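Structure file data_17.txt with compact mmCIF, C-alpha atoms:
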```txt
# COMPACT_ATOMS: atom_id res chain seq x y z
CA MET A 28 0.00 0.00 0.00
CA ARG A 29 2.73 2.48 0.92
CA ASN A 30 4.52 2.00 -2.41
CA LEU A 31 1.27 2.27 -4.35
CA VAL A 32 0.43 5.53 -2.59
CA ARG A 33 3.91 6.90 -3.14
CA GLN A 34 3.99 6.13 -6.85
CA GLU A 35 0.45 7.37 -7.48
CA MET A 36 0.92 10.62 -5.57
CA VAL A 37 4.24 11.40 -7.24
CA ALA A 38 2.74 10.63 -10.67
CA ARG A 39 -0.20 12.98 -10.08
CA GLN A 40 2.05 15.71 -8.76
CA LEU A 41 4.42 15.35 -11.70
CA ALA A 42 1.52 15.50 -14.13
CA GLU A 43 0.43 18.77 -12.53
CA GLN A 44 3.90 20.26 -12.89
CA LEU A 45 4.21 19.07 -16.50
CA THR A 46 0.87 20.51 -17.63
CA GLY A 47 1.30 22.02 -21.09
CA ARG A 48 4.75 20.48 -21.62
CA ILE A 49 4.89 18.18 -24.65
CA ALA A 50 7.49 15.56 -25.59
CA GLN A 51 9.92 16.48 -22.84
CA ARG A 52 13.39 14.94 -22.55
CA VAL A 53 13.34 13.22 -19.16
CA LEU A 54 16.15 11.71 -17.11
CA ASP A 55 15.04 9.41 -14.27
CA ILE A 56 17.88 8.77 -11.81
CA GLY A 57 17.25 5.64 -9.73
CA CYS A 58 14.33 4.64 -11.92
CA GLY A 59 13.88 1.30 -10.12
CA GLN A 60 11.25 -0.83 -11.80
CA GLY A 61 10.39 2.03 -14.14
CA THR A 62 7.03 3.08 -12.71
CA GLN A 63 7.42 6.82 -13.32
CA ALA A 64 9.52 6.39 -16.45
CA LEU A 65 6.83 4.30 -18.14
CA ARG A 66 4.02 6.62 -17.09
CA LEU A 67 5.86 9.55 -18.62
CA ALA A 68 6.65 7.63 -21.81
CA ARG A 69 2.98 6.71 -22.15
CA ALA A 70 2.21 10.42 -21.86
CA GLY A 71 4.46 11.13 -24.87
CA HIS A 72 7.74 12.09 -23.21
CA TYR A 73 11.19 10.68 -24.06
CA VAL A 74 12.71 9.04 -21.00
CA THR A 75 16.18 7.83 -20.09
CA GLY A 76 16.03 5.70 -16.94
CA ILE A 77 19.15 4.86 -14.92
CA ASP A 78 19.48 2.48 -12.00
CA SER A 79 22.40 0.70 -10.34
CA ASP A 80 20.35 -2.38 -9.37
CA PRO A 81 20.37 -4.98 -12.19
CA ALA A 82 17.30 -6.73 -10.75
CA ALA A 83 15.22 -3.58 -10.65
CA LEU A 84 16.36 -2.59 -14.12
CA GLY A 85 15.55 -6.07 -15.38
CA ALA A 86 12.02 -5.75 -14.04
CA ALA A 87 11.70 -2.39 -15.79
CA GLN A 88 12.89 -3.92 -19.05
CA GLU A 89 10.37 -6.77 -18.76
CA THR A 90 7.53 -4.33 -18.22
CA LEU A 91 8.73 -2.12 -21.05
CA ALA A 92 8.80 -5.11 -23.40
CA GLU A 93 5.02 -5.45 -22.96
CA GLU A 94 4.35 -1.84 -24.00
CA PRO A 95 3.32 -0.77 -27.53
CA ASP A 96 6.09 0.07 -29.98
CA ALA A 97 5.48 3.81 -29.65
CA VAL A 98 6.13 3.66 -25.92
CA ARG A 99 9.16 1.36 -26.17
CA GLU A 100 10.77 3.72 -28.68
CA ARG A 101 10.58 6.57 -26.18
CA VAL A 102 12.42 4.76 -23.35
CA GLN A 103 16.10 4.03 -22.85
CA LEU A 104 17.22 2.09 -19.77
CA LEU A 105 20.83 2.19 -18.56
CA ILE A 106 22.65 0.62 -15.65
CA GLY A 107 24.55 3.12 -13.52
CA ASP A 108 23.93 5.87 -10.99
CA GLY A 109 23.62 9.61 -10.82
CA HIS A 110 27.34 10.12 -10.27
CA GLN A 111 28.00 8.95 -13.84
CA CYS A 112 25.57 11.35 -15.51
CA GLY A 113 28.10 14.14 -15.79
CA ARG A 114 30.24 11.89 -17.98
CA TRP A 115 27.38 10.48 -20.01
CA PHE A 116 25.38 13.60 -20.74
CA GLY A 117 26.26 17.17 -21.58
CA ALA A 118 24.93 20.31 -19.96
CA ARG A 119 21.32 21.22 -20.76
CA SER A 120 20.60 17.71 -22.10
CA PHE A 121 17.19 17.29 -20.40
CA ASP A 122 13.99 19.22 -19.84
CA VAL A 123 13.08 17.22 -16.73
CA VAL A 124 15.30 15.38 -14.25
CA LEU A 125 13.83 13.03 -11.65
CA CYS A 126 15.79 11.92 -8.60
CA HIS A 127 13.36 9.99 -6.43
CA GLY A 128 14.41 8.00 -3.36
CA VAL A 129 18.13 8.48 -4.01
CA LEU A 130 19.34 11.46 -2.00
CA MET A 131 18.47 9.76 1.29
CA TYR A 132 21.33 7.32 0.70
CA LEU A 133 23.94 10.02 0.14
CA PRO A 134 25.83 11.59 3.05
CA ASP A 135 25.50 15.02 1.44
CA PRO A 136 22.83 15.69 -1.21
CA ASP A 137 24.23 19.01 -2.43
CA PRO A 138 26.86 17.72 -4.92
CA MET A 139 24.32 15.43 -6.59
CA ILE A 140 21.74 18.22 -6.82
CA ALA A 141 24.34 20.52 -8.38
CA SER A 142 25.31 17.84 -10.90
CA LEU A 143 21.70 17.24 -11.90
CA ALA A 144 20.98 20.96 -12.16
CA ARG A 145 23.75 21.20 -14.76
CA LEU A 146 21.89 18.72 -16.97
CA LEU A 147 18.75 20.86 -17.08
CA ALA A 148 17.88 23.01 -20.05
CA PRO A 149 16.59 26.54 -19.34
CA GLY A 150 13.07 26.28 -17.98
CA GLY A 151 13.68 22.67 -16.99
CA LEU A 152 12.24 20.97 -13.92
CA LEU A 153 14.13 19.10 -11.21
CA SER A 154 11.95 16.67 -9.23
CA LEU A 155 13.29 15.29 -5.94
CA VAL A 156 11.66 12.82 -3.55
CA VAL A 157 13.35 12.75 -0.15
CA ARG A 158 12.66 11.63 3.40
CA ASN A 159 11.14 14.37 5.54
CA ARG A 160 13.37 15.15 8.51
CA ASP A 161 10.55 17.00 10.27
CA ALA A 162 8.56 13.75 10.46
CA LEU A 163 11.30 11.29 11.44
CA ALA A 164 9.95 10.75 14.95
CA LEU A 165 6.49 9.67 13.77
CA ARG A 166 7.34 6.20 12.47
CA PRO A 167 9.18 4.95 15.59
CA ALA A 168 6.54 6.57 17.78
CA ALA A 169 3.79 4.70 15.94
CA ALA A 170 5.71 1.48 16.66
CA GLY A 171 6.15 2.38 20.32
CA ASP A 172 9.92 2.80 19.99
CA TRP A 173 10.23 5.91 22.13
CA ARG A 174 14.02 5.85 22.30
CA ALA A 175 14.24 6.02 18.52
CA ALA A 176 11.56 8.70 18.45
CA LEU A 177 13.57 10.87 20.83
CA GLU A 178 16.75 10.33 18.84
CA ALA A 179 14.95 11.40 15.67
CA PHE A 180 14.54 14.93 17.02
CA GLU A 181 18.31 15.35 17.16
CA SER A 182 19.50 13.63 14.00
CA ASP A 183 18.83 13.41 10.29
CA ARG A 184 19.83 9.72 10.25
CA TYR A 185 17.49 6.76 10.43
CA TYR A 186 17.07 3.15 9.33
CA ASN A 187 14.45 2.43 6.71
CA ARG A 188 12.11 -0.55 6.66
CA LEU A 189 14.77 -2.61 4.86
CA GLY A 190 17.21 -1.94 7.68
CA LEU A 191 19.40 0.33 5.54
CA ALA A 192 20.99 3.44 6.99
CA ALA A 193 19.56 6.56 5.41
CA ARG A 194 19.28 10.32 5.82
CA ALA A 195 16.44 12.85 5.79
CA ASP A 196 16.12 16.44 4.53
CA ARG A 197 14.18 19.56 5.48
CA ILE A 198 12.30 21.58 2.89
CA GLY A 199 14.03 24.77 3.99
CA ASP A 200 17.49 23.31 3.46
CA LEU A 201 16.55 21.97 0.04
CA ALA A 202 15.14 25.36 -0.96
CA VAL A 203 18.49 26.97 -0.13
CA THR A 204 20.43 24.37 -2.13
CA LEU A 205 18.13 24.70 -5.14
CA SER A 206 18.52 28.47 -5.09
CA GLU A 207 22.30 28.13 -4.97
CA VAL A 208 22.32 25.96 -8.13
CA SER A 209 19.94 28.31 -9.97
CA VAL A 210 16.98 25.92 -9.87
CA PRO A 211 14.80 27.74 -7.32
CA LEU A 212 12.00 25.96 -5.53
CA ARG A 213 8.78 26.03 -7.55
CA HIS A 214 6.49 23.86 -5.44
CA TRP A 215 6.58 21.06 -2.91
CA TYR A 216 4.19 18.33 -1.80
CA GLY A 217 3.90 15.84 1.01
CA VAL A 218 3.77 12.16 0.08
CA ARG A 219 2.27 9.48 2.37
CA VAL A 220 0.75 11.77 4.94
CA LEU A 221 -2.09 9.50 6.05
CA THR A 222 -0.91 5.99 5.18
CA GLU A 223 2.70 5.91 6.39
CA SER A 224 1.79 3.75 9.40
CA THR A 225 -0.16 1.20 7.32
CA PRO A 226 1.07 -2.30 8.32
CA ASP A 227 2.88 -4.38 5.70
CA ASP A 228 0.24 -7.09 6.08
CA ALA A 229 -2.77 -4.76 5.83
CA PRO A 230 -5.55 -6.29 3.70
CA PRO A 231 -6.13 -4.70 0.28
CA VAL A 232 -8.92 -2.16 -0.09
CA ASP A 233 -11.57 -2.31 -2.78
CA GLY A 234 -11.67 0.04 -5.73
CA ARG A 235 -13.98 2.62 -4.19
CA GLN A 236 -12.05 2.73 -0.92
CA LEU A 237 -8.77 3.01 -2.79
CA ALA A 238 -10.05 5.94 -4.83
CA GLN A 239 -11.13 7.70 -1.65
CA LEU A 240 -7.83 6.91 0.06
CA LEU A 241 -5.85 8.36 -2.84
CA GLU A 242 -8.03 11.45 -2.96
CA ALA A 243 -7.48 12.00 0.76
CA GLU A 244 -3.72 11.52 0.38
CA GLU A 245 -3.62 13.91 -2.57
CA ARG A 246 -5.42 16.64 -0.63
CA ALA A 247 -3.28 16.14 2.46
CA GLY A 248 -0.10 16.27 0.37
CA ARG A 249 -0.86 19.77 -0.85
CA THR A 250 -2.44 21.19 2.31
CA ASP A 251 -0.77 22.68 5.37
CA PRO A 252 -0.20 21.60 8.08
CA TYR A 253 -0.63 18.02 6.83
CA ARG A 254 2.07 18.06 4.16
CA GLN A 255 4.60 19.26 6.72
CA VAL A 256 4.50 15.89 8.50
CA ALA A 257 4.43 13.67 5.42
CA ALA A 258 6.85 10.75 5.42
CA LEU A 259 8.30 11.97 2.12
CA LEU A 260 8.68 15.32 0.42
CA HIS A 261 8.27 15.80 -3.32
CA VAL A 262 10.24 18.94 -4.16
CA VAL A 263 10.17 20.59 -7.60
CA GLY A 264 12.61 23.27 -8.73
CA MET A 265 12.62 25.15 -12.03
CA LYS A 266 15.71 26.41 -13.82
```

Rewrite the coordinates I just gave you, this time as structure tokens.
Amino acid sequence: MRNLVRQEMVARQLAEQLTGRIAQRVLDIGCGQGTQALRLARAGHYVTGIDSDPAALGAAQETLAEEPDAVRERVQLLIGDGHQCGRWFGARSFDVVLCHGVLMYLPDPDPMIASLARLLAPGGLLSLVVRNRDALALRPAAAGDWRAALEAFESDRYYNRLGLAARADRIGDLAVTLSEVSVPLRHWYGVRVLTESTPDDAPPVDGRQLAQLLEAEERAGRTDPYRQVAALLHVVGMK
């Protein structure tokens, strides 16, 4: 459920930001199984997806193989990571750059953001999905882990559900970084405001309930104060 909500919310938010933009050149760093890359290709954009995980990239390739020819021709999938993009692509190569669920695994996000900003053409959009530092205490608190909740107030470090060490960001800090690389903040959303504490073994909801759930999440993700305590932040800058 959490992944479904994340992908659906980010897709809707991206669609809003891309309104009126046709056949954009898109770079998707850490594309995973290709969920956003394929959605954008179906919408008529030209997408280059990059991921360092061969299994995830293989899943993306399998899904892509089932798409119509017109969609397949608009997608290129490469193995690698964002650090290689400066060597692979020249400045101003893309109209849209996505970096979703990547910055939380870097000790310092600023160099990567600067590198990606260089790839943007004038008027281009940079879309980041990061962990929200201002909500780090909520997950351990919901699990009754009060020690971890207290520690979350003092640190930007945490362990995700896979047990991997990760790092969180604040919207204010990201706004400063984006301004410094000449891609000032355009808009930001919360992602997984209401469903972050959903158990892994929660039963599926029916179609009507799911539609209502997604509508509630969408409204919360764009409304203060709810978006401020979302598990994830979707941050969009414009060059």

Next on the checklist: Residues proximal to (23.3, 10.0, 3.8) were defined as those with any atom within 8 Å of that point in the file's coordinates, counting all atoms listed in the file. Which are they, as a list in words?
Outcome noted: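 It turns out the residues near that spot are Leu130, Met131, Tyr132, Leu133, Pro134, Asp135, Pro136, Arg184, Ala192, Ala193, Arg194 and Ala195 of chain A.
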
Keeping only C-alpha atoms, write the selected residues to a file as a PDB file, keeping the file's coordinate frame.
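Written output follows (out-v7.pdb):
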```pdb
ATOM      1  CA  LEU A 130      19.340  11.460  -2.000  1.00  0.00           C
ATOM      2  CA  MET A 131      18.470   9.760   1.290  1.00  0.00           C
ATOM      3  CA  TYR A 132      21.330   7.320   0.700  1.00  0.00           C
ATOM      4  CA  LEU A 133      23.940  10.020   0.140  1.00  0.00           C
ATOM      5  CA  PRO A 134      25.830  11.590   3.050  1.00  0.00           C
ATOM      6  CA  ASP A 135      25.500  15.020   1.440  1.00  0.00           C
ATOM      7  CA  PRO A 136      22.830  15.690  -1.210  1.00  0.00           C
ATOM      8  CA  ARG A 184      19.830   9.720  10.250  1.00  0.00           C
ATOM      9  CA  ALA A 192      20.990   3.440   6.990  1.00  0.00           C
ATOM     10  CA  ALA A 193      19.560   6.560   5.410  1.00  0.00           C
ATOM     11  CA  ARG A 194      19.280  10.320   5.820  1.00  0.00           C
ATOM     12  CA  ALA A 195      16.440  12.850   5.790  1.00  0.00           C
TER      13      ALA A 195
END
```

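Residue nearest Ala162 in chain A, chosen from A:Gly217, A:Pro211, A:Gly61, A:Gly76 and counting all atoms listed in the file: A:Gly217.
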
Item to check | Residue contacts of Leu259 in chain A (6 Å, only C-alpha atoms) excluding same-chain residues fewer than 2 positions away, as an NGL selection string | outcome: :A and (157-159 or 217-218 or 257)

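Comparing A:Asp161, A:Asp251, A:Asp227, A:Asp233 by their smallest distance to Ala176 in chain A, the closest is A:Asp161 (using all atoms listed in the file).
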
Item to check | Shell of 12 Å around Val256 in chain A, all atoms listed in the file, local chain residues under 4 positions omitted, as a PyMOL selection string | outcome: chain A and resi 158-166+197-198+216-223+247-252+260

Any chance you can output those residues with C-alpha atoms as a tab-separated table (two decimals), keeping the file's coordinate frame?
```tsv
chain	number	residue	atom	x	y	z
A	158	ARG	CA	12.66	11.63	3.40
A	159	ASN	CA	11.14	14.37	5.54
A	160	ARG	CA	13.37	15.15	8.51
A	161	ASP	CA	10.55	17.00	10.27
A	162	ALA	CA	8.56	13.75	10.46
A	163	LEU	CA	11.30	11.29	11.44
A	164	ALA	CA	9.95	10.75	14.95
A	165	LEU	CA	6.49	9.67	13.77
A	166	ARG	CA	7.34	6.20	12.47
A	197	ARG	CA	14.18	19.56	5.48
A	198	ILE	CA	12.30	21.58	2.89
A	216	TYR	CA	4.19	18.33	-1.80
A	217	GLY	CA	3.90	15.84	1.01
A	218	VAL	CA	3.77	12.16	0.08
A	219	ARG	CA	2.27	9.48	2.37
A	220	VAL	CA	0.75	11.77	4.94
A	221	LEU	CA	-2.09	9.50	6.05
A	222	THR	CA	-0.91	5.99	5.18
A	223	GLU	CA	2.70	5.91	6.39
A	247	ALA	CA	-3.28	16.14	2.46
A	248	GLY	CA	-0.10	16.27	0.37
A	249	ARG	CA	-0.86	19.77	-0.85
A	250	THR	CA	-2.44	21.19	2.31
A	251	ASP	CA	-0.77	22.68	5.37
A	252	PRO	CA	-0.20	21.60	8.08
A	260	LEU	CA	8.68	15.32	0.42
```

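Counting from CA of Gly117 in chain A, the distance to CA of Gly151 in chain A is 14.5 Å.
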
Next on the checklist: Just checking: using only C-alpha atoms, which residue out of A:Ile106, A:Met28, A:Val37, A:Leu125 ends up closest to Val74 in chain A?
Outcome noted: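 Nearest candidate to Val74 in chain A out of A:Ile106, A:Met28, A:Val37, A:Leu125: A:Leu125.
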
Item to check | Residue with smallest distance to Arg52 in chain A - pool A:Leu67, A:Cys126, A:Val208, A:Met265, counting all atoms listed in the file | outcome: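 Counting all atoms listed in the file, the residue closest to Arg52 in chain A is A:Leu67.
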
Checklist entry - Nearest to Pro95 in chain A among A:Arg246, A:Arg69, A:Arg188, A:Lys266, with distances taken over only C-alpha atoms: which residue is it? => result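 Distance minimum relative to Pro95 in chain A lands on A:Arg69.
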